[in-house]
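Have a look at structure-v1.txt; it's compact mmCIF, C-alpha atoms:
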```
# COMPACT_ATOMS: atom_id res chain seq x y z
CA MET A 1 0.00 0.00 0.00
CA SER A 2 2.74 2.49 0.94
CA SER A 3 4.66 1.91 -2.30
CA SER A 4 1.43 2.42 -4.25
CA TYR A 5 0.98 5.87 -2.68
CA VAL A 6 4.55 6.82 -3.62
CA ILE A 7 3.95 5.87 -7.25
CA LYS A 8 0.50 7.49 -7.57
CA LEU A 9 1.16 10.63 -5.51
CA THR A 10 4.89 11.24 -5.97
CA ALA A 11 4.55 15.01 -5.58
CA LEU A 12 2.63 14.79 -2.30
CA GLY A 13 5.30 13.46 0.07
CA PRO A 14 7.88 16.26 -0.27
CA ARG A 15 5.19 18.92 0.08
CA VAL A 16 3.75 17.34 3.21
CA ARG A 17 7.28 17.11 4.63
CA GLY A 18 7.67 20.81 3.89
CA LEU A 19 4.50 21.60 5.84
CA ARG A 20 5.60 19.42 8.76
CA ALA A 21 9.02 21.07 8.82
CA ARG A 22 7.29 24.36 9.63
CA TYR A 23 5.50 23.07 12.73
CA LEU A 24 6.50 24.74 15.96
CA THR A 25 8.91 22.65 17.99
CA LYS A 26 8.04 21.61 21.53
CA ASP A 27 10.71 23.98 22.84
CA LYS A 28 9.18 26.89 20.93
CA LEU A 29 5.70 26.08 22.17
CA ASN A 30 6.85 25.70 25.76
CA THR A 31 8.66 29.05 25.55
CA LEU A 32 5.52 30.62 24.08
CA ILE A 33 3.39 29.24 26.91
CA LEU A 34 5.83 30.60 29.50
CA ALA A 35 6.08 34.07 27.87
CA GLN A 36 5.22 36.80 30.37
CA THR A 37 4.20 39.56 27.96
CA LEU A 38 2.68 39.81 24.52
CA ASP A 39 5.92 41.28 23.17
CA ASP A 40 7.81 38.29 24.58
CA ALA A 41 5.37 35.93 22.85
CA VAL A 42 5.75 37.73 19.52
CA ASN A 43 9.55 37.55 19.84
CA VAL A 44 9.33 33.79 20.45
CA LEU A 45 7.50 33.41 17.13
CA LYS A 46 10.02 35.37 15.08
CA GLY A 47 11.71 33.11 12.55
CA THR A 48 8.83 30.60 12.69
CA ASP A 49 5.97 30.02 10.26
CA TYR A 50 4.00 32.69 12.15
CA GLY A 51 6.75 35.30 12.29
CA ASP A 52 5.98 37.09 9.04
CA VAL A 53 2.27 37.19 9.87
CA LEU A 54 2.89 38.91 13.19
CA GLU A 55 5.39 41.28 11.63
CA ARG A 56 2.74 42.40 9.12
CA LEU A 57 0.29 42.93 11.95
CA GLY A 58 2.61 45.31 13.76
CA LYS A 59 1.22 46.25 17.17
CA ILE A 60 -1.37 43.68 18.25
CA VAL A 61 -4.41 45.25 19.86
CA ASP A 62 -7.37 43.20 18.66
CA GLU A 63 -8.28 39.51 19.11
CA ALA A 64 -10.20 39.28 15.83
CA GLN A 65 -7.19 40.72 14.00
CA VAL A 66 -4.86 38.04 15.42
CA THR A 67 -7.37 35.27 14.67
CA ASN A 68 -8.07 36.36 11.09
CA GLU A 69 -4.46 37.00 10.10
CA ILE A 70 -3.16 33.68 11.42
CA ARG A 71 -6.09 31.75 9.98
CA SER A 72 -5.62 33.47 6.62
CA HIS A 73 -2.01 32.32 6.62
CA VAL A 74 -3.05 28.72 7.34
CA ILE A 75 -5.81 28.86 4.72
CA LYS A 76 -3.36 29.99 2.05
CA SER A 77 -0.85 27.29 3.09
CA ILE A 78 -3.50 24.57 2.77
CA SER A 79 -4.79 25.97 -0.53
CA LEU A 80 -1.26 26.12 -1.96
CA LEU A 81 -0.62 22.52 -0.92
CA ALA A 82 -3.94 21.40 -2.43
CA SER A 83 -3.22 23.11 -5.75
CA SER A 84 0.25 21.59 -6.07
CA VAL A 85 -0.61 17.89 -5.68
CA PRO A 86 -2.64 15.44 -7.77
CA SER A 87 -6.08 14.04 -7.01
CA PRO A 88 -7.36 12.52 -4.74
CA ALA A 89 -5.09 14.37 -2.30
CA SER A 90 -5.99 17.72 -3.85
CA THR A 91 -9.70 16.96 -3.39
CA VAL A 92 -9.50 16.13 0.31
CA LEU A 93 -7.16 19.03 1.09
CA LYS A 94 -9.36 21.56 -0.70
CA SER A 95 -12.38 20.13 1.09
CA TYR A 96 -10.74 20.80 4.46
CA LEU A 97 -11.05 24.53 3.78
CA MET A 98 -14.81 24.21 4.38
CA ARG A 99 -13.90 24.27 8.08
CA PHE A 100 -13.05 27.98 7.77
CA GLU A 101 -16.23 28.86 5.90
CA LEU A 102 -18.18 27.12 8.65
CA GLU A 103 -16.31 29.21 11.21
CA ASN A 104 -17.58 32.29 9.37
CA ILE A 105 -21.12 30.96 9.63
CA LYS A 106 -20.65 30.47 13.37
CA VAL A 107 -19.69 34.13 13.66
CA ILE A 108 -22.68 35.30 11.60
CA THR A 109 -25.09 33.11 13.58
CA LYS A 110 -23.84 34.36 16.93
CA SER A 111 -23.97 37.97 15.76
CA LEU A 112 -27.63 37.48 14.78
CA MET A 113 -28.40 36.24 18.29
CA LYS A 114 -26.79 39.12 20.15
CA SER A 115 -25.76 42.67 19.45
CA LEU A 116 -22.14 43.12 18.49
CA GLU A 117 -20.01 45.02 20.97
CA SER A 118 -19.87 48.75 20.43
CA GLY A 119 -17.56 49.68 17.58
CA VAL A 120 -17.16 46.09 16.33
CA SER A 121 -18.30 45.37 12.77
CA LEU A 122 -19.34 41.93 11.61
CA GLU A 123 -17.04 42.26 8.59
CA SER A 124 -14.00 42.59 10.87
CA LEU A 125 -14.82 39.24 12.48
CA LEU A 126 -15.15 37.29 9.24
CA ASN A 127 -12.36 35.66 7.29
CA VAL A 128 -12.64 36.50 3.60
CA ALA A 129 -9.45 34.65 2.65
CA VAL A 130 -11.20 31.29 2.67
CA GLU A 131 -13.97 32.56 0.37
CA GLU A 132 -11.32 33.84 -2.06
CA GLU A 133 -9.44 30.53 -2.02
CA LEU A 134 -12.64 28.54 -2.50
CA GLY A 135 -14.06 30.97 -5.05
CA ARG A 136 -17.21 31.34 -2.94
CA ARG A 137 -17.47 35.06 -2.23
CA HIS A 138 -21.06 34.88 -3.52
CA ILE A 139 -21.97 32.61 -0.60
CA LEU A 140 -20.70 35.09 1.96
CA ALA A 141 -22.30 38.02 0.13
CA ALA A 142 -25.67 36.26 0.06
CA ILE A 143 -25.77 35.43 3.76
CA MET A 144 -24.43 38.73 5.08
CA SER A 145 -27.81 40.42 4.58
CA VAL A 146 -30.03 37.88 6.36
CA ARG A 147 -32.48 39.12 9.00
CA ASP A 148 -32.25 36.36 11.60
CA VAL A 149 -31.06 32.79 12.19
CA GLU A 150 -34.10 31.30 10.47
CA ASP A 151 -33.43 33.41 7.38
CA LEU A 152 -29.78 32.31 7.47
CA ARG A 153 -30.86 28.68 7.72
CA ASN A 154 -33.15 29.10 4.71
CA LYS A 155 -30.43 30.74 2.61
CA LEU A 156 -27.98 27.97 3.44
CA MET A 157 -30.55 25.33 2.61
CA GLU A 158 -31.01 26.95 -0.81
CA PHE A 159 -27.27 26.61 -1.40
CA GLN A 160 -27.34 22.99 -0.12
CA HIS A 161 -24.66 24.14 2.28
CA PRO A 162 -23.53 21.69 5.03
CA ALA A 163 -24.37 24.35 7.63
CA GLY A 164 -28.03 24.38 6.52
CA PRO A 165 -29.04 21.15 8.29
CA ALA A 166 -26.82 22.15 11.24
CA LEU A 167 -28.75 25.39 11.77
CA ASP A 168 -32.02 23.57 11.21
CA GLY A 169 -31.09 21.20 14.04
CA PHE A 170 -29.99 24.13 16.19
CA LEU A 171 -33.29 26.00 15.72
CA LYS A 172 -35.30 22.93 16.69
CA VAL A 173 -33.26 22.13 19.79
CA SER A 174 -32.42 25.62 21.08
CA LYS A 175 -36.07 26.42 21.81
CA GLN A 176 -36.04 23.65 24.38
CA TYR A 177 -32.52 24.39 25.69
CA PRO A 178 -31.99 28.17 25.36
CA GLN A 179 -29.38 28.14 28.15
CA TYR A 180 -27.05 26.15 25.87
CA SER A 181 -27.49 28.27 22.73
CA ILE A 182 -23.82 29.18 22.11
CA MET A 183 -22.62 25.65 22.88
CA LEU A 184 -25.27 24.27 20.53
CA ILE A 185 -24.21 26.51 17.64
CA ASP A 186 -20.56 25.48 18.03
CA THR A 187 -21.41 21.80 18.37
CA PHE A 188 -23.88 21.54 15.50
CA ILE A 189 -21.52 23.32 13.09
CA ASP A 190 -18.49 21.29 14.23
CA LYS A 191 -20.60 18.20 13.63
CA ALA A 192 -21.51 19.49 10.15
CA PHE A 193 -17.83 19.83 9.25
CA ILE A 194 -16.93 16.29 10.28
CA GLU A 195 -19.98 14.88 8.51
CA TYR A 196 -18.94 16.85 5.43
CA LEU A 197 -15.52 15.17 5.58
CA MET A 198 -17.14 11.76 6.12
CA HIS A 199 -18.34 11.86 2.50
CA LEU A 200 -14.66 11.76 1.50
CA ALA A 201 -13.94 8.53 3.38
CA ARG A 202 -14.67 6.37 0.35
CA ILE A 203 -11.94 8.14 -1.66
CA ASP A 204 -9.15 6.24 0.08
CA TYR A 205 -8.74 3.94 3.06
CA SER A 206 -6.24 6.29 4.70
CA VAL A 207 -8.78 9.15 4.54
CA GLY A 208 -11.44 6.95 6.12
CA LYS A 209 -9.06 5.94 8.91
CA PHE A 210 -8.29 9.58 9.76
CA ILE A 211 -11.94 10.63 9.73
CA LYS A 212 -12.91 7.69 11.97
CA GLU A 213 -10.54 9.02 14.65
CA LEU A 214 -11.98 12.55 14.31
CA VAL A 215 -15.49 11.17 14.79
CA ASP A 216 -14.46 9.35 17.97
CA TYR A 217 -12.81 12.46 19.42
CA TYR A 218 -15.82 14.62 18.55
CA ASN A 219 -18.17 12.14 20.23
CA LEU A 220 -15.91 11.96 23.28
CA ASN A 221 -16.28 15.74 23.62
CA VAL A 222 -20.06 15.55 23.37
CA PHE A 223 -20.43 12.73 25.88
CA LEU A 224 -18.05 14.12 28.52
CA ARG A 225 -19.40 17.67 28.34
CA GLY A 226 -22.97 16.39 28.27
CA LYS A 227 -22.44 14.22 31.34
CA LEU A 228 -20.79 17.05 33.27
CA TRP A 229 -23.53 19.56 32.43
CA GLY A 230 -26.37 17.13 33.03
CA ILE A 231 -27.61 17.24 29.43
CA SER A 232 -30.40 14.81 28.67
CA GLN A 233 -29.85 11.77 26.49
CA GLU A 234 -32.48 13.17 24.14
CA LEU A 235 -30.28 16.18 23.40
CA ILE A 236 -27.13 14.04 23.27
CA ASN A 237 -28.81 11.96 20.56
CA GLU A 238 -29.12 15.14 18.47
CA LEU A 239 -25.49 16.19 18.98
CA VAL A 240 -23.50 12.98 18.49
CA ILE A 241 -22.36 11.55 15.19
CA ARG A 242 -23.97 8.15 15.11
CA SER A 243 -20.85 6.27 14.11
CA GLY A 244 -17.71 4.81 15.65
CA ALA A 245 -16.60 2.95 18.76
CA VAL A 246 -17.11 5.85 21.20
CA PHE A 247 -20.70 6.35 20.05
CA SER A 248 -21.68 2.67 20.11
CA THR A 249 -20.10 2.20 23.55
CA VAL A 250 -21.46 5.21 25.42
CA ILE A 251 -24.90 5.68 23.89
CA LYS A 252 -26.07 2.50 25.64
CA ILE A 253 -24.79 3.51 29.09
CA TYR A 254 -25.06 7.33 29.03
CA GLY A 255 -27.44 7.26 31.99
CA GLU A 256 -24.96 5.40 34.20
CA SER A 257 -22.23 6.82 36.46
CA PRO A 258 -19.26 8.80 35.07
CA THR A 259 -16.92 6.12 36.46
CA ARG A 260 -18.65 3.40 34.45
CA ILE A 261 -18.68 5.51 31.30
CA LEU A 262 -14.96 6.30 31.59
CA GLU A 263 -14.11 2.63 32.16
CA GLU A 264 -16.00 1.59 29.05
CA LEU A 265 -14.60 4.45 26.98
CA ALA A 266 -11.02 3.60 27.94
CA SER A 267 -11.49 0.12 26.50
CA VAL A 268 -12.31 1.44 23.01
CA PHE A 269 -10.51 4.81 22.85
CA VAL A 270 -6.92 4.72 24.07
CA SER A 271 -6.48 8.50 23.95
CA LEU A 272 -8.76 8.79 26.99
CA ASP A 273 -5.96 7.44 29.19
CA GLN A 274 -3.69 10.22 27.92
CA LEU A 275 -6.36 12.82 28.59
CA ILE A 276 -6.69 11.58 32.18
CA LYS A 277 -2.91 11.83 32.63
CA VAL A 278 -2.86 15.38 31.22
CA ALA A 279 -5.77 16.45 33.44
CA GLY A 280 -4.19 14.73 36.43
CA SER A 281 -7.57 13.31 37.39
CA SER A 282 -10.51 11.33 36.08
CA ASP A 283 -12.86 13.95 37.54
CA LEU A 284 -15.26 15.02 34.79
CA ARG A 285 -14.75 18.73 35.45
CA SER A 286 -10.99 18.38 35.00
CA LEU A 287 -11.33 16.26 31.87
CA VAL A 288 -13.71 18.72 30.22
CA GLN A 289 -11.44 21.66 31.11
CA TYR A 290 -8.57 20.00 29.24
CA LEU A 291 -10.53 18.73 26.22
CA GLY A 292 -9.77 21.84 24.14
CA PRO A 293 -6.02 22.07 24.83
CA PHE A 294 -5.69 18.27 24.67
CA SER A 295 -6.78 18.32 21.02
CA TYR A 296 -3.19 19.42 20.26
CA ARG A 297 -1.73 16.23 21.78
CA PHE A 298 -4.43 14.02 20.31
CA THR A 299 -4.02 15.46 16.81
CA LYS A 300 -0.21 15.27 16.87
CA ASP A 301 -0.32 11.62 17.94
CA LEU A 302 -2.91 10.90 15.26
CA GLU A 303 -0.81 12.60 12.59
CA ASP A 304 2.30 10.64 13.62
CA SER A 305 0.27 7.44 13.49
CA MET A 306 -1.10 8.25 10.02
CA ILE A 307 2.40 8.97 8.67
CA SER A 308 3.67 5.72 10.18
CA LEU A 309 0.82 3.66 8.75
CA PHE A 310 0.46 5.22 5.30
CA THR A 311 3.53 7.46 4.67
CA GLU A 312 3.49 11.17 3.77
CA PHE A 313 2.43 10.24 0.24
CA SER A 314 -1.08 9.17 1.31
CA PRO A 315 -4.17 11.43 1.11
CA GLY A 316 -5.14 10.57 4.70
CA ALA A 317 -1.74 11.53 6.11
CA SER A 318 -1.79 14.83 4.21
CA LEU A 319 -5.25 15.51 5.63
CA ALA A 320 -3.93 14.73 9.12
CA ALA A 321 -1.04 17.14 8.53
CA VAL A 322 -3.23 20.09 7.56
CA HIS A 323 -5.60 19.32 10.44
CA PHE A 324 -2.70 19.42 12.85
CA LYS A 325 -1.55 22.72 11.34
CA PHE A 326 -5.01 24.13 12.03
CA ILE A 327 -4.96 22.86 15.64
CA GLU A 328 -1.44 24.25 16.17
CA SER A 329 -2.47 27.63 14.76
CA ASP A 330 -5.54 27.70 16.98
CA MET A 331 -3.30 27.14 19.99
CA VAL A 332 -1.04 30.01 18.90
CA ILE A 333 -4.12 32.23 18.50
CA ALA A 334 -5.37 31.26 21.96
CA LEU A 335 -1.98 31.89 23.59
CA LEU A 336 -1.61 35.32 21.96
CA ASN A 337 -5.18 36.37 22.67
CA ALA A 338 -4.83 35.27 26.30
CA PHE A 339 -2.71 38.40 26.83
CA LEU A 340 -5.42 40.63 25.34
CA GLU A 341 -8.10 38.88 27.42
CA GLY A 342 -6.09 39.30 30.62
CA ILE A 343 -6.04 35.59 31.44
CA PRO A 344 -3.59 34.93 34.33
CA ARG A 345 -0.33 33.44 33.10
CA ASP A 346 -0.26 30.73 35.76
CA PHE A 347 -3.61 29.47 34.47
CA VAL A 348 -2.33 29.49 30.86
CA VAL A 349 0.75 27.50 31.90
CA LYS A 350 -1.37 25.03 33.88
CA LEU A 351 -3.80 24.52 31.01
CA TYR A 352 -1.46 24.30 28.02
CA GLY A 353 1.84 23.11 29.51
CA PRO A 354 0.77 19.47 30.03
CA VAL A 355 -0.43 18.96 26.46
CA ILE A 356 2.85 19.80 24.73
```
Take the structure in the file and write it out as structure tokens.
Amino acid sequence: MSSSYVIKLTALGPRVRGLRARYLTKDKLNTLILAQTLDDAVNVLKGTDYGDVLERLGKIVDEAQVTNEIRSHVIKSISLLASSVPSPASTVLKSYLMRFELENIKVITKSLMKSLESGVSLESLLNVAVEEELGRRHILAAIMSVRDVEDLRNKLMEFQHPAGPALDGFLKVSKQYPQYSIMLIDTFIDKAFIEYLMHLARIDYSVGKFIKELVDYYNLNVFLRGKLWGISQELINELVIRSGAVFSTVIKIYGESPTRILEELASVFVSLDQLIKVAGSSDLRSLVQYLGPFSYRFTKDLEDSMISLFTEFSPGASLAAVHFKFIESDMVIALLNAFLEGIPRDFVVKLYGPVI
């Protein structure tokens, strides 16, 4: 199988290696986590894949600015990789960019539900780079003028957009659970992205293997958060992706104790043991607190595993590589924005240090 990938996708391997060579090292990330000021953090990133981006930004004063500039850089890197390799790798890599369009739809949906802060424009919160790379500016233009979430849902349904069914599900469920509205938007749209990728699984076995792991990690998030927050099984049924070992194991015992659920999960999803070690406890509150930061460790291990199993010449390994780049960039964004949000440094170190 590995030799077949090398023959069919000769151009892919060197380009994936080039992307991987630009990952931040553990030393760099640890130094970034320990940085005491925003200027210190920016200096740490000089000479890295993010250095030129931050240099163009100049003085950093706005969270949306940091998020959009770094994401635009990652979008262009993924698009360039996709355009320089043959199919089917080009197809799956280009498809990954839908993640960023869905992030735009999250922003629009949330803005429709609450007034934007004084002086903040919706346009400044959206990332137009992904629409340019996908050639879909018309989508963004069409949905920018909607009146409310229902109107947005209808527009997206007209376009047969993957976010259409997600917002339809959100509108049905949020009336019953208004206290979870923001969580529901994030979860339904994250689910839409993974289900969008699931249609690519038939392209190649390596792609299917990668997506299977994403499904399990997504469902782990839903089950652990749901159990901690006391969410009913009825709502959980709406949020999970009905596929994979985590789903089939927990859906039957969701009403039982957290201890029982964790025991059963550990038998089918080995990354749970790592999460418990990172959190330093099997307490649900601790596990849920670390789920976000832990995605860095989980994704890096998954990428290493995909490279080992299928080589850098496989479509699935290239998809794992760009996914890790997105997760890494999101961590950089979070660490930089933590300064602007005034999050205590000791908390940042406690939360992110163990996952590196």
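Excluding segment 12-29 of chain A itself and same-chain residues fewer than 6 positions from it, the residues having an atom within 9 Å of it are Val6, Val44, Leu45, Thr48, Asp49, Ser77, Leu81, Ser84, Val85, Pro86, Ala89, Thr311, Glu312, Phe313, Ser314, Pro315, Ala317, Ser318, Ala321, Val322, Phe324, Lys325, Glu328, Val332, Gly353 and Ile356 of chain A, counting only C-alpha atoms.
If all atoms listed in the file are the atoms counted, then among A:Val240, A:Leu200, A:Ala35, A:Val355 the closest residue to Tyr96 of chain A is A:Leu200.
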**Request:** Write out as a PyMOL selection string which residues come within 9 Å of segment 139-153 of chain A when counting all atoms listed in the file, dropping same-chain ones fewer than 6 positions away.
**Result:** chain A and resi 101+104-105+108-110+112-113+122-123+128+131+159+163-168+171
**Message:** One number please: atom CA of Glu256 of chain A to atom CA of Glu213 of chain A, in Å, one decimal.
**Reply:** 24.6 Å
**Item:** Closest of A:Tyr296, A:Tyr218, A:Tyr5, A:Tyr254 to Gln233 of chain A - atom-to-atom distances counting all atoms listed in the file
**Value:**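 Among the listed residues, A:Tyr254 lies closest to Gln233 of chain A.
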**Request:** Tell me which protein, DNA and RNA residues are within 9 Å of Ile203 of chain A, counting only C-alpha atoms, leaving out same-chain ones fewer than 5 positions away, and put them as a list in words.
**Result:** Pro88, Val92, Gly208 and Pro315 of chain A
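If you count all atoms listed in the file and ignore residues fewer than 4 places along the chain from Lys212 of chain A, what sits within 9 Å of it is Met198, Ala201, Val207, Gly208, Asp216, Tyr217, Ser243 and Gly244 of chain A.
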Keeping only C-alpha atoms, take the residues you just selected and write them out as an mmCIF file, in the coordinates of the input.
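And here is the file that came out, again.cif:
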```cif
data_model
loop_
_atom_site.group_PDB
_atom_site.id
_atom_site.type_symbol
_atom_site.label_atom_id
_atom_site.label_comp_id
_atom_site.auth_asym_id
_atom_site.auth_seq_id
_atom_site.Cartn_x
_atom_site.Cartn_y
_atom_site.Cartn_z
ATOM 1 C CA MET A 198 -17.140 11.760 6.120
ATOM 2 C CA ALA A 201 -13.940 8.530 3.380
ATOM 3 C CA VAL A 207 -8.780 9.150 4.540
ATOM 4 C CA GLY A 208 -11.440 6.950 6.120
ATOM 5 C CA ASP A 216 -14.460 9.350 17.970
ATOM 6 C CA TYR A 217 -12.810 12.460 19.420
ATOM 7 C CA SER A 243 -20.850 6.270 14.110
ATOM 8 C CA GLY A 244 -17.710 4.810 15.650
#
```
**Asked** Using only C-alpha atoms, which residue out of A:Lys59, A:His73, A:Ala11, A:Gln36 lies closest to Ser329 of chain A?
**Response** A:His73
**Request:** Considering only C-alpha atoms, state which residue in the set A:Val53, A:Leu214, A:Ala266, A:Val349 is at the smallest distance from Phe298 of chain A.
**Result:** A:Leu214
**Request:** Tell me, in Å to one decimal, how far atom CA of Ile189 of chain A is from atom CA of Gly169 of chain A.
**Result:**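 The value is 9.8 Å.
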**Message:** Using all atoms listed in the file, can you tell me which of A:Asn337, A:Ser3, A:Glu303, A:Lys8 comes closest to Gln65 of chain A?
**Reply:**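 Among the listed residues, A:Asn337 lies closest to Gln65 of chain A.
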Need a file for segment 205-270 of chain A from that block: C-alpha atoms, written as an mmCIF file, in the first residue's frame.
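The new file decode_18.cif reads:
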```cif
data_model
loop_
_atom_site.group_PDB
_atom_site.id
_atom_site.type_symbol
_atom_site.label_atom_id
_atom_site.label_comp_id
_atom_site.auth_asym_id
_atom_site.auth_seq_id
_atom_site.Cartn_x
_atom_site.Cartn_y
_atom_site.Cartn_z
ATOM 1 C CA TYR A 205 -8.736 3.939 3.058
ATOM 2 C CA SER A 206 -6.241 6.292 4.701
ATOM 3 C CA VAL A 207 -8.775 9.147 4.541
ATOM 4 C CA GLY A 208 -11.436 6.947 6.118
ATOM 5 C CA LYS A 209 -9.063 5.943 8.909
ATOM 6 C CA PHE A 210 -8.286 9.577 9.756
ATOM 7 C CA ILE A 211 -11.940 10.630 9.734
ATOM 8 C CA LYS A 212 -12.905 7.691 11.966
ATOM 9 C CA GLU A 213 -10.545 9.022 14.646
ATOM 10 C CA LEU A 214 -11.984 12.547 14.308
ATOM 11 C CA VAL A 215 -15.488 11.171 14.788
ATOM 12 C CA ASP A 216 -14.462 9.351 17.970
ATOM 13 C CA TYR A 217 -12.811 12.463 19.425
ATOM 14 C CA TYR A 218 -15.818 14.618 18.552
ATOM 15 C CA ASN A 219 -18.175 12.145 20.227
ATOM 16 C CA LEU A 220 -15.911 11.960 23.277
ATOM 17 C CA ASN A 221 -16.277 15.740 23.623
ATOM 18 C CA VAL A 222 -20.062 15.548 23.365
ATOM 19 C CA PHE A 223 -20.433 12.732 25.883
ATOM 20 C CA LEU A 224 -18.053 14.119 28.519
ATOM 21 C CA ARG A 225 -19.403 17.665 28.338
ATOM 22 C CA GLY A 226 -22.974 16.392 28.275
ATOM 23 C CA LYS A 227 -22.442 14.216 31.337
ATOM 24 C CA LEU A 228 -20.790 17.047 33.270
ATOM 25 C CA TRP A 229 -23.528 19.560 32.425
ATOM 26 C CA GLY A 230 -26.372 17.125 33.030
ATOM 27 C CA ILE A 231 -27.605 17.242 29.430
ATOM 28 C CA SER A 232 -30.400 14.812 28.673
ATOM 29 C CA GLN A 233 -29.849 11.775 26.490
ATOM 30 C CA GLU A 234 -32.481 13.166 24.137
ATOM 31 C CA LEU A 235 -30.276 16.182 23.401
ATOM 32 C CA ILE A 236 -27.128 14.035 23.271
ATOM 33 C CA ASN A 237 -28.805 11.965 20.559
ATOM 34 C CA GLU A 238 -29.115 15.142 18.470
ATOM 35 C CA LEU A 239 -25.493 16.193 18.976
ATOM 36 C CA VAL A 240 -23.500 12.983 18.492
ATOM 37 C CA ILE A 241 -22.361 11.549 15.189
ATOM 38 C CA ARG A 242 -23.972 8.146 15.111
ATOM 39 C CA SER A 243 -20.848 6.267 14.114
ATOM 40 C CA GLY A 244 -17.707 4.810 15.655
ATOM 41 C CA ALA A 245 -16.605 2.952 18.762
ATOM 42 C CA VAL A 246 -17.113 5.845 21.196
ATOM 43 C CA PHE A 247 -20.701 6.355 20.050
ATOM 44 C CA SER A 248 -21.681 2.671 20.111
ATOM 45 C CA THR A 249 -20.105 2.203 23.551
ATOM 46 C CA VAL A 250 -21.465 5.211 25.421
ATOM 47 C CA ILE A 251 -24.901 5.676 23.889
ATOM 48 C CA LYS A 252 -26.065 2.501 25.641
ATOM 49 C CA ILE A 253 -24.789 3.512 29.086
ATOM 50 C CA TYR A 254 -25.058 7.326 29.030
ATOM 51 C CA GLY A 255 -27.440 7.259 31.991
ATOM 52 C CA GLU A 256 -24.961 5.398 34.202
ATOM 53 C CA SER A 257 -22.229 6.817 36.461
ATOM 54 C CA PRO A 258 -19.262 8.801 35.069
ATOM 55 C CA THR A 259 -16.924 6.122 36.456
ATOM 56 C CA ARG A 260 -18.654 3.395 34.447
ATOM 57 C CA ILE A 261 -18.678 5.513 31.297
ATOM 58 C CA LEU A 262 -14.962 6.302 31.595
ATOM 59 C CA GLU A 263 -14.112 2.633 32.162
ATOM 60 C CA GLU A 264 -16.005 1.585 29.046
ATOM 61 C CA LEU A 265 -14.597 4.449 26.978
ATOM 62 C CA ALA A 266 -11.018 3.602 27.942
ATOM 63 C CA SER A 267 -11.489 0.122 26.497
ATOM 64 C CA VAL A 268 -12.305 1.444 23.006
ATOM 65 C CA PHE A 269 -10.514 4.812 22.851
ATOM 66 C CA VAL A 270 -6.920 4.716 24.065
#
```
